[in-house]
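Chemist: So that we are looking at the same thing, I have put the structure below in structure tokens.
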Amino acid sequence: MNLIPIYIIFIPIITAMFVYVVNKKVFNYLVFLAQGVITFLSIRYYMLCDGFIEKQILVLGGWEKTISISLRNDRLSISFIFLTILMWWLILVYCWEKRKSDFKFLFFLLFLEGAFLGLIQTNDMFNMFIFIEITTILSTILIIYKKDGYSVRAGLYYLLFNSIGMVFFLLGLIFIYTVTGSLNLDIISEKISLMGENSVVNLSYILIIAAVGVKSAFFPVYNWLPKAHGAAPASISALLSGLLVKGGVYAFIRFNQVFNIDSLKEIFFIIGCITAISGVLFALSQKDIKQILAFHTISQIGIILMGLSSMTGKSYVGGVMHIFNHAIFKSLLFMGAGYIINVYGTRKITEIRGVFKNMPFISCLMIIGMLSITGAPLFNGLVSKTIIKYGLKDNGIKTIILYIINLGTGTSFIKMSQMFFGSFKVQKIKSYNTGIAMVTLAIICIILGNFYLPFTNILFGDDFSTVKVVSISSLLNYIISIGLGYLIYKWIIEKDYKIIKRLRHLNISFETTNFMLISFIFIMIIWSYF
């Protein structure tokens with residue numbers, strides 16, 4: 001049992017290497033065998049650990065805990081492991097018809113899975129740095145896989161900016177090592193709790209969170225995300241938005257548990273608000289279907305940060321749940337968008353019409369994703385948003401901000417839903433595997449929207465039956481929100497005013513993006529000390 005965490009990391013990596021070296025089509029099917037094995041091992045590990053009532057620590061090599069490589073698993077990490085394995089299953093199924101002979105693509109994809117599973121389980125800062133860098137490099141390769149000019153520029157932008165962010169992570173790592181003498185997260189947490197207020201610890205925390213903010217696409221350092229999503233193949237866009245961006249959010253949670261610094265909690269809520277609102281505004285201005293979804297990833301990350309900023313209570317629980325819910329419905333939307341783009345040969349929402357008539361099945365699945373992201377009753381998006389709102393109920397301003405963000409999200413998807421109407425003949429492309437992946441995600445959206453209590457029990461070990469998600473008031477709120485969204489779309493967005501065009505064509509240079517990163521760090525330093 002003790003070695004299962006290592007198996008979970010290295011089985012995908014070794015399989016990826018074998019597939020690459022052998023380079024035979026028949027051996028490419030081993031990727032499914034590897035997925036099956038790590039799925040079984042993960043379930044077995046969860047059962048053996050009795051639902052992770054206590055965290056499990058695996059120290060490697062027989063070294064002392066202070067200097068050893070160690071892995072840690074608890075309720076949060078095992079939930080991320082299950083989510084990771086599920087997402088890779090669905091991505092493999094979704095793209096199998098196109099990629100089953102592409103041993104290079106399968107190599108990079110499966111190697112990325114192993115590295116991401118390592119990131120989730122590592123219990124020391126240096127190995128977290130290593131795993132983040134590996135996932136960044138592999139993600140870049142997959143982003144530029146089309147090898148056209150646009151994808152190469154977007155991929156290099158992603159790689160360079162994330163690498164600059166990780167320089168600050170490395171600086172923070174050095175600072176914390178000088179005061180604690182260890183990079184083990186548990187030991188660092190213990191020593192920080194005994195120190196009290198310490199300026200070096202605070203600076204280390206700020207530098208690390210700045211790097212994590214880049215990886216998670218927080219405001220104002222998210223400019224790389226829409227570029228990367230727009231350039232990547234649909235399957236990789238689904239993976240980037242659904243899961244890989246969440247690697248930064250996962251690190252954000254872990255480092256807040258370690259440092260436990262209260263002085264920045266309020267600014268994180270403010271950053272979350274700005275991230276969410278700016279993401280919605282940019283999404284409303286777009287005409288490219290993938291750009292609309294990419295900016296909504298930013299918006300939803302903002303909502304997640306609004307919930308996580310408290311690090312305790314119902315809003316925190318809602319933020320963590322929204323990580324999982326967003327992974328499901330956003331992957332569904334990106335997969336559907338990829339299929340539609342493939343059929344229509346264009347990404348412009350104004351040129352895509354008659355989707356429901358041409359592809360009723362795919363359209364129904366896309367509508368489920370749209371209902372989920374806009375917070376419709378009986379779908380998973382409402383559950384996590386309601387729990388966040390429940391945690392913020394004592395603060396009227398924060399609740400209103402959350403409602404405004406949801407209104408903007410509804411408006412944006414009303415705009416996007418115009419592609420279902422009208423008449424436009426296309427040559428239909430049958431893809432059985434695409435349907436399987438999307439149906440699975442759509443079913444999960446519905447299941448988590450109605451039977452979420454077992455999931456909250458697994459993840460938090462608590463009962464949330466007192467939080468009433470589905471009610472007459474929630475239904476009325478949703479109807480009113482969609483109605484207002486339709487009016488905003490007709491009276492403002494559809495008219496495509498000059499300011500909307502400026503937002504759509506706004507291009508922030510690489511130099512400006514780096515300046516915004518430095519500003520982000522200074523703002524946190526000023527907020528922390530003053």
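In the structure tokens, chains take letters A, B, ... by order of appearance, with residues numbered from 1 within each chain and ligands from 1 in the order shown.
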Could you give me, as a Markdown table, every region 186-246 of chain A residue with an atom at most 10 Å from region 293-297 of chain A, plus its closest atom pair and distance in Å to one decimal, counting only C-alpha atoms, rows ordered by chain then number?

Modeler:
```
| residue | atom | partner | partner_atom | distance |
| --- | --- | --- | --- | --- |
| A:Ala217 | CA | A:Thr297 | CA | 8.8 |
| A:Tyr222 | CA | A:Phe295 | CA | 9.4 |
| A:Asn223 | CA | A:Phe295 | CA | 9.7 |
| A:Leu225 | CA | A:Ala294 | CA | 7.0 |
| A:Pro226 | CA | A:Ala294 | CA | 5.1 |
| A:Lys227 | CA | A:Ala294 | CA | 8.5 |
| A:Ala228 | CA | A:Ala294 | CA | 8.8 |
| A:His229 | CA | A:Ala294 | CA | 6.0 |
| A:Gly230 | CA | A:Ala294 | CA | 7.3 |
| A:Ser237 | CA | A:Ala294 | CA | 8.5 |
| A:Ala238 | CA | A:Ala294 | CA | 9.8 |
| A:Leu240 | CA | A:Thr297 | CA | 9.7 |
| A:Ser241 | CA | A:Thr297 | CA | 6.2 |
| A:Gly242 | CA | A:Thr297 | CA | 8.4 |
| A:Val245 | CA | A:Thr297 | CA | 9.0 |
```

Chemist: Using only C-alpha atoms, find the one residue out of A:Thr122, A:Gln300, A:Ser423, A:Thr275 that sits nearest to Met321 (chain A).

Modeler: A:Gln300

Chemist: Smallest atom-to-atom distance to Arg99 (chain A): which of A:Ser77, A:Asn477, A:Asn2, A:Asn433, using only C-alpha atoms?

Modeler: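 Going through A:Ser77, A:Asn477, A:Asn2, A:Asn433 one by one, the smallest distance to Arg99 (chain A) is for A:Asn433.
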
Chemist: Hey, which of A:Ile271, A:Met335, A:Ile328, A:Thr15 ends up closest to Leu305 (chain A)? Count only C-alpha atoms.

Modeler: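 Closest to Leu305 (chain A), using only C-alpha atoms: A:Ile271.
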
Chemist: Excluding Leu203 (chain A) and any residue of its chain fewer than 5 positions from it, enumerate the residues within 10 Å of it, using only C-alpha atoms, and give them as a PyMOL selection string.

Modeler: chain A and resi 171-172+175-176+198+208-209+521+524-525+528-529

Chemist: Please measure the separation of CA of Leu333 (chain A) and CA of Tyr158 (chain A), giving the value in Å to one decimal.

Modeler: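 So the two atoms, CA of Leu333 (chain A) and CA of Tyr158 (chain A), lie 22.2 Å apart.
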
Chemist: Would you pick out the contacts of region 499-515 of chain A at 8 Å or less, using only C-alpha atoms, so that residues sharing its chain but fewer than 5 positions from it are not included, and give the list as a list in words?

Modeler: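 In the requested form, the answer reads Tyr157, Phe161, Val221, Asn223, Phe282, Ser285, Gln286 and Ile493 of chain A.
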